[in-house]
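Next comes run_26.pdb, a file with PDB, C-alpha atoms.
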```pdb
MODEL        1
ATOM      1  CA  MET N  21       6.669   0.997 -15.228  1.00  0.00           C
ATOM      2  CA  LEU N  22       3.880   3.400 -14.427  1.00  0.00           C
ATOM      3  CA  VAL N  23       3.255   5.898 -17.156  1.00  0.00           C
ATOM      4  CA  SER N  24       2.501   9.541 -16.553  1.00  0.00           C
ATOM      5  CA  ASP N  25      -1.064   9.432 -17.920  1.00  0.00           C
ATOM      6  CA  ASN N  26      -2.224   6.774 -15.377  1.00  0.00           C
ATOM      7  CA  ARG N  27      -3.688   4.520 -18.120  1.00  0.00           C
ATOM      8  CA  GLU N  28      -2.190   1.302 -16.822  1.00  0.00           C
ATOM      9  CA  PHE N  29      -3.290   1.770 -13.235  1.00  0.00           C
ATOM     10  CA  GLU N  30      -5.489  -1.273 -12.902  1.00  0.00           C
ATOM     11  CA  PRO N  31      -5.931  -3.031  -9.580  1.00  0.00           C
ATOM     12  CA  THR N  32      -3.148  -5.544  -9.103  1.00  0.00           C
ATOM     13  CA  ILE N  33      -3.388  -8.625  -6.938  1.00  0.00           C
ATOM     14  CA  ILE N  34      -0.346  -9.124  -4.759  1.00  0.00           C
ATOM     15  CA  SER N  35       0.565 -11.922  -2.430  1.00  0.00           C
ATOM     16  CA  ASP N  36      -0.650 -10.371   0.830  1.00  0.00           C
ATOM     17  CA  PRO N  37      -4.420  -9.766   0.848  1.00  0.00           C
ATOM     18  CA  GLU N  38      -3.921  -7.058   3.470  1.00  0.00           C
ATOM     19  CA  ASP N  39      -1.874  -4.955   1.007  1.00  0.00           C
ATOM     20  CA  ILE N  40      -2.692  -2.899  -2.053  1.00  0.00           C
ATOM     21  CA  ALA N  41      -0.145  -2.188  -4.777  1.00  0.00           C
ATOM     22  CA  ILE N  42       0.511   1.331  -6.109  1.00  0.00           C
ATOM     23  CA  ALA N  43      -1.433   0.501  -9.297  1.00  0.00           C
ATOM     24  CA  GLY N  44      -4.521  -0.424  -7.300  1.00  0.00           C
ATOM     25  CA  LEU N  45      -4.341   2.721  -5.204  1.00  0.00           C
ATOM     26  CA  LEU N  46      -3.844   5.051  -8.163  1.00  0.00           C
ATOM     27  CA  GLY N  47      -6.479   3.231 -10.194  1.00  0.00           C
ATOM     28  CA  PHE N  48      -9.042   3.897  -7.481  1.00  0.00           C
ATOM     29  CA  LEU N  49      -7.957   7.514  -7.043  1.00  0.00           C
ATOM     30  CA  ALA N  50      -8.330   8.190 -10.795  1.00  0.00           C
ATOM     31  CA  GLY N  51     -12.111   8.099 -10.378  1.00  0.00           C
ATOM     32  CA  HIS N  52     -12.110  10.457  -7.385  1.00  0.00           C
ATOM     33  CA  LYS N  53      -9.568  13.175  -8.230  1.00  0.00           C
ATOM     34  CA  ASP N  54     -11.376  16.034  -6.492  1.00  0.00           C
ATOM     35  CA  ARG N  55     -12.126  14.207  -3.256  1.00  0.00           C
ATOM     36  CA  PRO N  56      -9.888  14.726  -0.228  1.00  0.00           C
ATOM     37  CA  LEU N  57      -7.454  11.858   0.347  1.00  0.00           C
ATOM     38  CA  VAL N  58      -7.285  10.960   4.020  1.00  0.00           C
ATOM     39  CA  PHE N  59      -4.897   8.329   5.325  1.00  0.00           C
ATOM     40  CA  PHE N  60      -5.654   6.784   8.726  1.00  0.00           C
ATOM     41  CA  HIS N  61      -3.021   5.325  11.028  1.00  0.00           C
ATOM     42  CA  ASP N  62      -2.957   4.415  14.687  1.00  0.00           C
ATOM     43  CA  GLY N  63      -6.705   5.024  14.953  1.00  0.00           C
ATOM     44  CA  ARG N  64      -6.697   8.587  13.621  1.00  0.00           C
ATOM     45  CA  PRO N  65      -6.550  10.483  10.334  1.00  0.00           C
ATOM     46  CA  VAL N  66      -3.398  12.207   9.127  1.00  0.00           C
ATOM     47  CA  LYS N  67      -3.468  15.924   9.749  1.00  0.00           C
ATOM     48  CA  PRO N  68      -4.877  18.118   6.969  1.00  0.00           C
ATOM     49  CA  GLY N  69      -1.458  19.630   6.177  1.00  0.00           C
ATOM     50  CA  TYR N  70       0.274  16.310   5.533  1.00  0.00           C
ATOM     51  CA  HIS N  71       2.964  16.195   2.839  1.00  0.00           C
ATOM     52  CA  VAL N  72       4.271  13.458   0.584  1.00  0.00           C
ATOM     53  CA  THR N  73       7.932  14.093   1.338  1.00  0.00           C
ATOM     54  CA  GLU N  74       9.567  11.233  -0.558  1.00  0.00           C
ATOM     55  CA  VAL N  75       8.733   8.408  -2.933  1.00  0.00           C
ATOM     56  CA  LYS N  76      11.348   5.755  -3.471  1.00  0.00           C
ATOM     57  CA  ALA N  77      11.449   2.407  -5.219  1.00  0.00           C
ATOM     58  CA  GLY N  78      13.735  -0.485  -4.563  1.00  0.00           C
ATOM     59  CA  THR N  79      14.339  -4.073  -5.427  1.00  0.00           C
ATOM     60  CA  PHE N  80      15.492  -6.345  -2.678  1.00  0.00           C
ATOM     61  CA  ALA N  81      17.218  -9.696  -2.524  1.00  0.00           C
ATOM     62  CA  ALA N  82      17.373 -11.591   0.746  1.00  0.00           C
ATOM     63  CA  LEU N  83      17.703 -14.965   2.372  1.00  0.00           C
ATOM     64  CA  ASP N  84      14.833 -15.885   4.694  1.00  0.00           C
ATOM     65  CA  CYS N  85      15.103 -17.780   7.979  1.00  0.00           C
ATOM     66  CA  GLY N  86      14.680 -21.088   6.135  1.00  0.00           C
ATOM     67  CA  ALA N  87      17.681 -20.290   3.898  1.00  0.00           C
ATOM     68  CA  ASN N  88      15.358 -19.629   0.938  1.00  0.00           C
ATOM     69  CA  PRO N  89      16.276 -16.827  -1.453  1.00  0.00           C
ATOM     70  CA  GLU N  90      13.666 -14.067  -1.641  1.00  0.00           C
ATOM     71  CA  ALA N  91      13.347 -11.141  -4.050  1.00  0.00           C
ATOM     72  CA  TRP N  92      10.741  -8.389  -4.329  1.00  0.00           C
ATOM     73  CA  ALA N  93      10.107  -4.837  -5.467  1.00  0.00           C
ATOM     74  CA  GLU N  94       8.825  -2.257  -3.013  1.00  0.00           C
ATOM     75  CA  ILE N  95       7.681   1.342  -3.223  1.00  0.00           C
ATOM     76  CA  PHE N  96       7.952   3.567  -0.150  1.00  0.00           C
ATOM     77  CA  ILE N  97       5.811   6.675   0.179  1.00  0.00           C
ATOM     78  CA  GLN N  98       6.812   8.915   3.042  1.00  0.00           C
ATOM     79  CA  LEU N  99       4.062  10.971   4.682  1.00  0.00           C
ATOM     80  CA  TRP N 100       4.947  13.864   6.959  1.00  0.00           C
ATOM     81  CA  ASP N 101       1.973  14.042   9.315  1.00  0.00           C
ATOM     82  CA  VAL N 102       1.852  17.752  10.102  1.00  0.00           C
ATOM     83  CA  ASP N 103      -0.842  20.379  10.302  1.00  0.00           C
ATOM     84  CA  GLU N 104      -0.106  23.598   8.466  1.00  0.00           C
ATOM     85  CA  GLY N 105      -2.603  26.325   9.210  1.00  0.00           C
ATOM     86  CA  ASP N 106      -6.020  26.138   7.634  1.00  0.00           C
ATOM     87  CA  ARG N 107      -5.156  23.600   4.920  1.00  0.00           C
ATOM     88  CA  THR N 108      -7.467  20.763   3.996  1.00  0.00           C
ATOM     89  CA  HIS N 109      -6.533  17.193   3.162  1.00  0.00           C
ATOM     90  CA  MET N 110      -4.793  16.814  -0.201  1.00  0.00           C
ATOM     91  CA  PRO N 111      -7.102  16.004  -3.129  1.00  0.00           C
ATOM     92  CA  ALA N 112      -6.657  12.501  -4.540  1.00  0.00           C
ATOM     93  CA  GLY N 113      -5.714  14.053  -7.901  1.00  0.00           C
ATOM     94  CA  LYS N 114      -2.821  15.962  -6.344  1.00  0.00           C
ATOM     95  CA  PHE N 115      -1.487  12.789  -4.733  1.00  0.00           C
ATOM     96  CA  SER N 116      -1.714  11.031  -8.121  1.00  0.00           C
ATOM     97  CA  ALA N 117       0.087  13.963  -9.773  1.00  0.00           C
ATOM     98  CA  ILE N 118       2.927  13.671  -7.254  1.00  0.00           C
ATOM     99  CA  ILE N 119       3.323   9.972  -8.063  1.00  0.00           C
ATOM    100  CA  ARG N 120       3.103  10.767 -11.796  1.00  0.00           C
ATOM    101  CA  LYS N 121       5.921  13.316 -11.357  1.00  0.00           C
ATOM    102  CA  VAL N 122       8.022  10.659  -9.632  1.00  0.00           C
ATOM    103  CA  THR N 123       7.555   8.336 -12.623  1.00  0.00           C
ATOM    104  CA  GLU N 124       9.346  10.897 -14.798  1.00  0.00           C
ATOM    105  CA  HIS N 125      12.536  10.078 -12.866  1.00  0.00           C
ATOM    106  CA  VAL N 126      12.013   6.714 -11.150  1.00  0.00           C
ATOM    107  CA  ASP N 127      10.653   3.448 -12.566  1.00  0.00           C
ATOM    108  CA  LEU N 128       7.792   2.261 -10.374  1.00  0.00           C
ATOM    109  CA  ASP N 129       6.715  -1.358 -10.687  1.00  0.00           C
ATOM    110  CA  PRO N 130       2.880  -1.235 -10.637  1.00  0.00           C
ATOM    111  CA  SER N 131       2.701  -4.527  -8.728  1.00  0.00           C
ATOM    112  CA  ALA N 132       5.399  -3.650  -6.173  1.00  0.00           C
ATOM    113  CA  ARG N 133       4.650  -3.969  -2.511  1.00  0.00           C
ATOM    114  CA  LEU N 134       3.565  -0.558  -1.214  1.00  0.00           C
ATOM    115  CA  THR N 135       4.820   0.675   2.138  1.00  0.00           C
ATOM    116  CA  PHE N 136       3.997   3.995   3.755  1.00  0.00           C
ATOM    117  CA  GLU N 137       6.500   5.617   6.086  1.00  0.00           C
ATOM    118  CA  VAL N 138       4.710   7.980   8.450  1.00  0.00           C
ATOM    119  CA  SER N 139       6.158  10.426  10.966  1.00  0.00           C
ATOM    120  CA  ASP N 140       5.266  13.768  12.477  1.00  0.00           C
ATOM    121  CA  GLY N 141       8.889  14.861  12.315  1.00  0.00           C
ATOM    122  CA  VAL N 142       9.388  14.132  16.005  1.00  0.00           C
ATOM    123  CA  ARG N 143       8.524  10.450  16.412  1.00  0.00           C
ATOM    124  CA  PRO N 144      10.531   7.900  14.395  1.00  0.00           C
ATOM    125  CA  ILE N 145       9.146   6.765  11.059  1.00  0.00           C
ATOM    126  CA  ALA N 146       6.681   3.892  11.365  1.00  0.00           C
ATOM    127  CA  LEU N 147       6.031   1.464   8.506  1.00  0.00           C
ATOM    128  CA  TYR N 148       2.493   0.755   7.323  1.00  0.00           C
ATOM    129  CA  ARG N 149       0.701  -1.166   4.611  1.00  0.00           C
ATOM    130  CA  ALA N 150      -2.353   0.271   2.872  1.00  0.00           C
ATOM    131  CA  ALA N 151      -5.762  -1.369   2.627  1.00  0.00           C
ATOM    132  CA  LEU N 152      -8.138  -0.926  -0.287  1.00  0.00           C
ATOM    133  CA  PRO N 153      -9.373   2.672  -0.431  1.00  0.00           C
ATOM    134  CA  ARG N 154     -13.016   3.409   0.294  1.00  0.00           C
ATOM    135  CA  LEU N 155     -15.322   6.389   0.031  1.00  0.00           C
ATOM    136  CA  ALA N 156     -16.623   7.818   3.292  1.00  0.00           C
ATOM    137  CA  ASP N 157     -17.884  11.254   4.291  1.00  0.00           C
ATOM    138  CA  GLY N 158     -17.171  12.668   0.822  1.00  0.00           C
ATOM    139  CA  ALA N 159     -13.490  11.686   0.973  1.00  0.00           C
ATOM    140  CA  VAL N 160     -11.259   8.811  -0.057  1.00  0.00           C
ATOM    141  CA  HIS N 161     -10.154   6.957   3.067  1.00  0.00           C
ATOM    142  CA  VAL N 162      -7.095   4.718   3.099  1.00  0.00           C
ATOM    143  CA  GLU N 163      -6.482   2.740   6.249  1.00  0.00           C
ATOM    144  CA  LEU N 164      -2.818   2.198   7.054  1.00  0.00           C
ATOM    145  CA  SER N 165      -1.982  -0.675   9.374  1.00  0.00           C
ATOM    146  CA  PRO N 166       1.404  -1.534  10.847  1.00  0.00           C
ATOM    147  CA  ARG N 167       3.528  -3.677   8.565  1.00  0.00           C
ATOM    148  CA  PRO N 168       4.156  -6.834  10.600  1.00  0.00           C
ATOM    149  CA  ALA N 169       7.233  -9.005  10.532  1.00  0.00           C
ATOM    150  CA  SER N 170       6.717 -12.537   9.283  1.00  0.00           C
ATOM    151  CA  CYS N 171       8.441 -15.867   8.860  1.00  0.00           C
ATOM    152  CA  LYS N 172       8.182 -16.585   5.131  1.00  0.00           C
ATOM    153  CA  PRO N 173       8.704 -20.389   5.387  1.00  0.00           C
ATOM    154  CA  ARG N 174       5.942 -20.562   8.014  1.00  0.00           C
ATOM    155  CA  ASP N 175       3.683 -18.301   5.891  1.00  0.00           C
ATOM    156  CA  ARG N 176       4.200 -20.568   2.861  1.00  0.00           C
ATOM    157  CA  TRP N 177       3.455 -23.681   4.946  1.00  0.00           C
ATOM    158  CA  LEU N 178       0.252 -22.117   6.347  1.00  0.00           C
ATOM    159  CA  GLU N 179      -0.865 -21.138   2.836  1.00  0.00           C
ATOM    160  CA  GLU N 180      -0.323 -24.690   1.583  1.00  0.00           C
ATOM    161  CA  GLU N 181      -2.264 -26.058   4.569  1.00  0.00           C
ATOM    162  CA  ARG N 182      -5.117 -23.624   3.867  1.00  0.00           C
ATOM    163  CA  LYS N 183      -5.219 -24.674   0.196  1.00  0.00           C
ATOM    164  CA  ALA N 184      -5.161 -28.370   1.083  1.00  0.00           C
ATOM    165  CA  LYS N 185      -7.956 -27.949   3.607  1.00  0.00           C
ATOM    166  CA  ALA N 186     -10.065 -25.962   1.121  1.00  0.00           C
ATOM    167  CA  CYS N 187      -9.480 -28.649  -1.506  1.00  0.00           C
ATOM    168  CA  CYS N 188     -10.568 -31.462   0.781  1.00  0.00           C
ATOM    169  CA  GLU N 189     -13.761 -29.826   2.052  1.00  0.00           C
ATOM    170  CA  PRO N 190     -16.828 -31.052   0.156  1.00  0.00           C
ATOM    171  CA  SER N 191     -18.672 -28.424  -1.806  1.00  0.00           C
ATOM    172  CA  ALA N 192     -22.398 -28.440  -2.590  1.00  0.00           C
ATOM    173  CA  GLY N 193     -23.209 -31.204  -5.076  1.00  0.00           C
ATOM    174  CA  SER N 194     -19.672 -32.462  -5.648  1.00  0.00           C
ATOM    175  CA  GLN N 195     -17.222 -34.934  -4.214  1.00  0.00           C
ATOM    176  CA  PRO N 196     -14.139 -33.776  -2.317  1.00  0.00           C
ATOM    177  CA  CYS N 197     -11.108 -33.496  -4.591  1.00  0.00           C
ATOM    178  CA  CYS N 198      -8.677 -35.396  -2.403  1.00  0.00           C
ATOM    179  CA  GLY N 199     -10.968 -38.176  -1.141  1.00  0.00           C
TER     180      GLY N 199
ENDMDL
END
```
File written out as structure tokens:
Amino acid sequence: MLVSDNREFEPTIISDPEDIAIAGLLGFLAGHKDRPLVFFHDGRPVKPGYHVTEVKAGTFAALDCGANPEAWAEIFIQLWDVDEGDRTHMPAGKFSAIIRKVTEHVDLDPSARLTFEVSDGVRPIALYRAALPRLADGAVHVELSPRPASCKPRDRWLEEERKAKACCEPSAGSQPCCG
């Protein structure tokens, strides 16, 4: 569970290298509390008046297309992409405080998959994953990319093939491991 003082927010490695977990995001933001936090989606930044309208956590159990049981934890952060007057982008510290407030009522697994739900209130919600934050133009930038569907048995097979290929490739000054 995430605690309200943010002490345990260390970067967490999760299975998809294109994703960052909530702990990794908040850990980065802790060092940049006063900087504006700007999320980017569909090639553009969120509007300066964006709101965090909902944070929810869930655990899921499923059966994949290969009849394999799957289970995971996921945190959804809903962003309302609106512009309200002359507001600026939310400071990273305010975003962290919102998540900290949520942890007073909801257990958040620090390594849970993080999904952003983004809508302008007119278009349907779109699901995104977050990349590692970076500093640019005096702000914290977080790129959101569409969360793709996948075939988990195929993904596991491809990962095993990648590992086997990496194992069998000779490295400088050593023999291949599967010769």
- Test item: the PyMOL selection byres ((chain N and resi 74) around 9) resolved as a ChimeraX atom specification: /N:71-73,75-76,96-99
Residues from last step as file, C-alpha atoms, as a PDB file, in the coordinates of the input:
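And here is the file that came out, again11.pdb:
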```
ATOM      1  CA  HIS N  71       2.964  16.195   2.839  1.00  0.00           C
ATOM      2  CA  VAL N  72       4.271  13.458   0.584  1.00  0.00           C
ATOM      3  CA  THR N  73       7.932  14.093   1.338  1.00  0.00           C
ATOM      4  CA  VAL N  75       8.733   8.408  -2.933  1.00  0.00           C
ATOM      5  CA  LYS N  76      11.348   5.755  -3.471  1.00  0.00           C
ATOM      6  CA  PHE N  96       7.952   3.567  -0.150  1.00  0.00           C
ATOM      7  CA  ILE N  97       5.811   6.675   0.179  1.00  0.00           C
ATOM      8  CA  GLN N  98       6.812   8.915   3.042  1.00  0.00           C
ATOM      9  CA  LEU N  99       4.062  10.971   4.682  1.00  0.00           C
TER      10      LEU N  99
END
```
- Hey, what comes out of the PyMOL selection byres ((chain N and resi 168) around 9) on this file? Could you write it as a list in words?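 With the PyMOL selection byres ((chain N and resi 168) around 9) on this model, the match is Leu147, Tyr148, Arg149, Ser165, Pro166, Arg167, Ala169 and Ser170 of chain N.
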- Which of these residues is nearest to Val102 (chain N), using all atoms listed in the file: N:Ile118, N:Val138, N:Ala150, N:Ala87?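 Ranking N:Ile118, N:Val138, N:Ala150, N:Ala87 by distance to Val102 (chain N), first place goes to N:Val138.
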- Task: On this file, the PyMOL selection byres ((chain N and resi 108) around 12) gives some set of residues; write that set as a count of residues only.
- Result: 21
- Query: Which residue, N:Leu134, N:Pro153, N:Cys188, N:Lys172, has the smallest gap to Asp39 (chain N) when you use only C-alpha atoms?
  - Reply: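 Residue with the minimum atom-to-atom distance to Asp39 (chain N): N:Leu134.
Nearest residue to Pro130 (chain N), choosing from N:Ala184, N:Ile95, N:Ala50, N:Cys85 and counting all atoms listed in the file: N:Ile95.
Between CA of Glu124 (chain N) and CA of Leu45 (chain N) the separation is 18.6 Å.
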- Task: Please identify all polymer residues within 10 Å of Trp92 (chain N), counting only C-alpha atoms, omitting same-chain residues fewer than 4 positions from it, and present them as a list in words.
- Result: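 Using only C-alpha atoms, the neighbours found are Gly78, Thr79, Phe80, Ala81, Ala82, Ser131, Ala132 and Arg133 of chain N.
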- Task: Check the smallest atom-to-atom distance from each of N:Ala43, N:Ala117, N:Leu83, N:His52 to Ala156 (chain N) using only C-alpha atoms, then report the winner.
- Result: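 Among N:Ala43, N:Ala117, N:Leu83, N:His52, it is N:His52 that comes nearest to Ala156 (chain N).
Considering the residues N:Gly113, N:Ala186, N:Gly51, N:Asp84 and counting all atoms listed in the file, Cys171 (chain N) has its shortest atom-to-atom contact with N:Asp84.
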- Item | d(CA of Ala151 (chain N), CA of Leu49 (chain N)) in Å |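 Computing the Euclidean distance for CA of Ala151 (chain N) and CA of Leu49 (chain N) yields 13.3 Å.
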- d(CA of Arg143 (chain N), CA of His161 (chain N)) in Å: 23.2 Å
- Message: I'd like to know which of N:Asp62, N:Phe115, N:Trp177, N:Trp100 is closest to Gly141 (chain N), using all atoms listed in the file.
- Response: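 The closest residue to Gly141 (chain N) is N:Trp100.
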